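What follows is a short report on a single structure.
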Amino acid sequence: MSAVIDKVRSLWIPLRGMNLLLPNVAVAEVIPYREPEIAEAGPDWLLGVLNWRDQRIPLVSYEIFCKQDAPESADRARILVLNTTRADTRLPFIAMVTSGIPRLFLADEEGLDDVLGSEDFASDHTLSAVRIGSEQADLPDLARVHHEVEQAWWELEA
């Protein structure tokens, strides 16, 4: 007997000038913003290094991945610690800055006004997007983001 999943527990994540929609299982933890240790080298989207649960993990900006302005530090900023989606990785977590507090969202067909195809946004780090009322949220290509972060991370840590 196979079950059809018609609702996905998700997080609506505010960023600077955009939103992300991620399934809950992609997020290990949401923590208060703290300044990272500055990375001496690396791409511009690598904001630095965090110590989280006795691990050093990279802190990235999805906005910069998407060629947008860097996020500003704000009172409501948070850090998402994301589970890596790849089984063959040596980097089990990455962190991402948000511009506000993520909120729970139950994604289902009735709650989504429109699903947008790849021609509707500019970033190649985005798989799709959804419109809910007047707001849009990108569904990021987490596998691609994780792959690029991991490559940069091991070059930096070498």
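Ordered as shown in the structure tokens, chains take letters A, B, and onward, while each chain numbers its residues from 1 and ligands are numbered from 1 in the order shown.
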
At a cut-off of 6 Å, using only C-alpha atoms, what residues contact range 29-45 of chain A? Leave out same-chain residues fewer than 6 positions from it and give the result as a PyMOL selection string.
chain A and resi 60-61+64-65+77-81

Please dump the current selection as a short mmCIF file (atom, residue, chain, number, x, y, z; two decimals), in the first residue's frame; keep C-alpha atoms.
```cif
data_model
loop_
_atom_site.label_atom_id
_atom_site.label_comp_id
_atom_site.auth_asym_id
_atom_site.auth_seq_id
_atom_site.Cartn_x
_atom_site.Cartn_y
_atom_site.Cartn_z
CA VAL A 60 26.64 31.40 3.44
CA SER A 61 24.37 33.99 1.87
CA ILE A 64 24.79 36.46 -2.96
CA PHE A 65 24.49 33.01 -4.57
CA ALA A 77 18.27 38.03 11.62
CA ARG A 78 18.66 34.34 12.32
CA ILE A 79 20.90 31.55 11.12
CA LEU A 80 19.50 28.38 9.61
CA VAL A 81 21.62 25.30 10.04
#
```

Which of range 40-142 of chain A end up as strand (DSSP E) when DSSP is run on this backbone - answer as number ranges by chain?
A: 46-52, 55-60, 78-83, 93-98, 103-108, 114-116, 126-132, 135-140

Mind writing the picked residues with N, CA and C atoms as a tab-separated table (two decimals), in the first residue's frame?
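Dumped everything to selection.tsv:
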```tsv
chain	number	residue	atom	x	y	z
A	46	LEU	N	30.49	33.15	0.79
A	46	LEU	CA	30.93	32.51	2.03
A	46	LEU	C	31.21	33.61	3.04
A	47	LEU	N	30.29	33.81	3.96
A	47	LEU	CA	30.37	34.92	4.91
A	47	LEU	C	31.33	34.65	6.05
A	48	GLY	N	31.63	33.38	6.30
A	48	GLY	CA	32.55	33.05	7.36
A	48	GLY	C	32.31	31.65	7.90
A	49	VAL	N	32.80	31.42	9.10
A	49	VAL	CA	32.75	30.10	9.72
A	49	VAL	C	32.07	30.23	11.09
A	50	LEU	N	31.16	29.31	11.38
A	50	LEU	CA	30.51	29.26	12.69
A	50	LEU	C	30.96	28.02	13.45
A	51	ASN	N	31.06	28.15	14.75
A	51	ASN	CA	31.21	26.98	15.60
A	51	ASN	C	29.81	26.64	16.08
A	52	TRP	N	29.35	25.46	15.71
A	52	TRP	CA	28.01	24.99	16.05
A	52	TRP	C	28.12	23.55	16.52
A	55	GLN	N	31.36	21.86	15.99
A	55	GLN	CA	31.74	21.67	14.58
A	55	GLN	C	31.96	23.03	13.94
A	56	ARG	N	32.90	23.08	13.03
A	56	ARG	CA	33.08	24.29	12.22
A	56	ARG	C	32.26	24.10	10.95
A	57	ILE	N	31.34	25.05	10.71
A	57	ILE	CA	30.50	24.94	9.51
A	57	ILE	C	30.52	26.28	8.76
A	58	PRO	N	30.40	26.22	7.44
A	58	PRO	CA	30.40	27.46	6.66
A	58	PRO	C	29.06	28.20	6.79
A	59	LEU	N	29.15	29.53	6.85
A	59	LEU	CA	27.97	30.40	6.85
A	59	LEU	C	27.90	31.06	5.49
A	60	VAL	N	26.77	30.89	4.80
A	60	VAL	CA	26.64	31.40	3.44
A	60	VAL	C	25.46	32.36	3.31
A	78	ARG	N	18.43	35.65	11.73
A	78	ARG	CA	18.66	34.34	12.32
A	78	ARG	C	19.63	33.58	11.41
A	79	ILE	N	20.06	32.45	11.91
A	79	ILE	CA	20.90	31.55	11.12
A	79	ILE	C	20.19	30.22	11.04
A	80	LEU	N	20.03	29.72	9.82
A	80	LEU	CA	19.50	28.38	9.61
A	80	LEU	C	20.67	27.43	9.50
A	81	VAL	N	20.63	26.36	10.24
A	81	VAL	CA	21.62	25.30	10.04
A	81	VAL	C	20.91	24.24	9.20
A	82	LEU	N	21.44	24.01	8.02
A	82	LEU	CA	20.81	23.11	7.06
A	82	LEU	C	21.49	21.75	7.05
A	83	ASN	N	20.68	20.72	6.98
A	83	ASN	CA	21.19	19.37	6.78
A	83	ASN	C	21.66	19.25	5.34
A	93	PHE	N	26.62	19.71	7.48
A	93	PHE	CA	25.79	20.88	7.74
A	93	PHE	C	26.40	22.11	7.11
A	94	ILE	N	25.52	23.02	6.69
A	94	ILE	CA	25.93	24.37	6.32
A	94	ILE	C	24.96	25.33	6.99
A	95	ALA	N	25.37	26.58	7.14
A	95	ALA	CA	24.52	27.58	7.77
A	95	ALA	C	24.20	28.67	6.76
A	96	MET	N	23.01	29.25	6.90
A	96	MET	CA	22.56	30.30	5.99
A	96	MET	C	21.92	31.42	6.80
A	97	VAL	N	22.23	32.66	6.46
A	97	VAL	CA	21.67	33.82	7.15
A	97	VAL	C	20.28	34.12	6.61
A	98	THR	N	19.35	34.44	7.53
A	98	THR	CA	18.02	34.92	7.14
A	98	THR	C	17.91	36.38	7.56
A	103	ARG	N	8.96	31.12	9.52
A	103	ARG	CA	7.67	30.73	10.08
A	103	ARG	C	7.21	29.43	9.45
A	104	LEU	N	6.49	28.67	10.24
A	104	LEU	CA	5.99	27.39	9.76
A	104	LEU	C	4.94	27.61	8.69
A	105	PHE	N	4.92	26.69	7.72
A	105	PHE	CA	3.97	26.77	6.61
A	105	PHE	C	3.66	25.35	6.18
A	106	LEU	N	2.39	25.04	6.04
A	106	LEU	CA	1.98	23.73	5.55
A	106	LEU	C	1.70	23.87	4.06
A	107	ALA	N	2.64	23.40	3.25
A	107	ALA	CA	2.52	23.55	1.79
A	107	ALA	C	1.63	22.45	1.24
A	108	ASP	N	0.58	22.87	0.56
A	108	ASP	CA	-0.28	21.95	-0.17
A	108	ASP	C	-0.83	22.67	-1.40
A	114	ASP	N	0.19	29.69	-7.13
A	114	ASP	CA	0.77	29.46	-8.44
A	114	ASP	C	2.15	28.83	-8.27
A	115	VAL	N	2.49	27.91	-9.13
A	115	VAL	CA	3.84	27.35	-9.16
A	115	VAL	C	4.50	27.89	-10.41
A	116	LEU	N	5.66	28.50	-10.24
A	116	LEU	CA	6.33	29.17	-11.35
A	116	LEU	C	7.45	28.29	-11.88
A	126	THR	N	17.94	28.07	-8.10
A	126	THR	CA	16.52	27.92	-7.76
A	126	THR	C	15.88	26.91	-8.69
A	127	LEU	N	15.20	25.92	-8.10
A	127	LEU	CA	14.51	24.90	-8.90
A	127	LEU	C	13.17	25.38	-9.40
A	128	SER	N	12.44	26.06	-8.51
A	128	SER	CA	11.09	26.49	-8.82
A	128	SER	C	10.74	27.61	-7.86
A	129	ALA	N	9.56	28.13	-8.01
A	129	ALA	CA	9.07	29.16	-7.09
A	129	ALA	C	7.57	29.01	-6.97
A	130	VAL	N	7.05	29.51	-5.88
A	130	VAL	CA	5.61	29.48	-5.66
A	130	VAL	C	5.14	30.87	-5.29
A	131	ARG	N	3.90	31.15	-5.59
A	131	ARG	CA	3.28	32.41	-5.22
A	131	ARG	C	2.17	32.10	-4.23
A	132	ILE	N	2.20	32.82	-3.13
A	132	ILE	CA	1.17	32.68	-2.11
A	132	ILE	C	0.66	34.08	-1.84
A	135	GLU	N	3.02	37.31	-2.24
A	135	GLU	CA	4.42	36.98	-1.99
A	135	GLU	C	4.87	35.78	-2.83
A	136	GLN	N	6.16	35.79	-3.15
A	136	GLN	CA	6.76	34.67	-3.88
A	136	GLN	C	7.86	34.07	-3.02
A	137	ALA	N	8.01	32.77	-3.09
A	137	ALA	CA	9.10	32.08	-2.40
A	137	ALA	C	9.79	31.16	-3.40
A	138	ASP	N	11.11	31.20	-3.38
A	138	ASP	CA	11.91	30.32	-4.23
A	138	ASP	C	12.11	28.98	-3.53
A	139	LEU	N	12.12	27.93	-4.31
A	139	LEU	CA	12.47	26.60	-3.82
A	139	LEU	C	13.89	26.36	-4.31
A	140	PRO	N	14.88	26.49	-3.41
A	140	PRO	CA	16.27	26.43	-3.85
A	140	PRO	C	16.71	25.02	-4.23
```

If you measure from CA of Trp153 in chain A to CA of Leu91 in chain A, what distance in Å do you get, rounded to one decimal?
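CA of Leu91 in chain A lies 8.6 Å from CA of Trp153 in chain A.
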
Here is a test: counting only C-alpha atoms, which residue of A:Pro23, A:Gly100, A:Asp75, A:Glu157 is nearest to Leu142 in chain A?
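Looking only at the distances to Leu142 in chain A, the closest residue turns out to be A:Pro23.
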
Counting only C-alpha atoms, which of A:Cys66, A:Leu21, A:Ala87, A:Ala28 gets nearest to Ala143 in chain A?
A:Ala87

Using only C-alpha atoms, find the one residue out of A:Lys67, A:Arg90, A:Ser99, A:Tyr62 that sits nearest to Arg16 in chain A.
A:Ser99

Which residue of A:Leu15, A:Leu20, A:Leu156, A:Ile101 approaches Gln68 in chain A most closely, using only C-alpha atoms:
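Of all the options, A:Leu15 lies closest to Gln68 in chain A.
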
Expected answer as a PyMOL selection string: alpha helix (DSSP H) residues in range 15-140 of chain A:
chain A and resi 62-65

Pairwise distance, CA of Glu150 in chain A with CA of Asn19 in chain A, equals 23.3 Å

Between CA of Asp124 in chain A and CA of Asp88 in chain A - distance in Å to one decimal:
22.5 Å
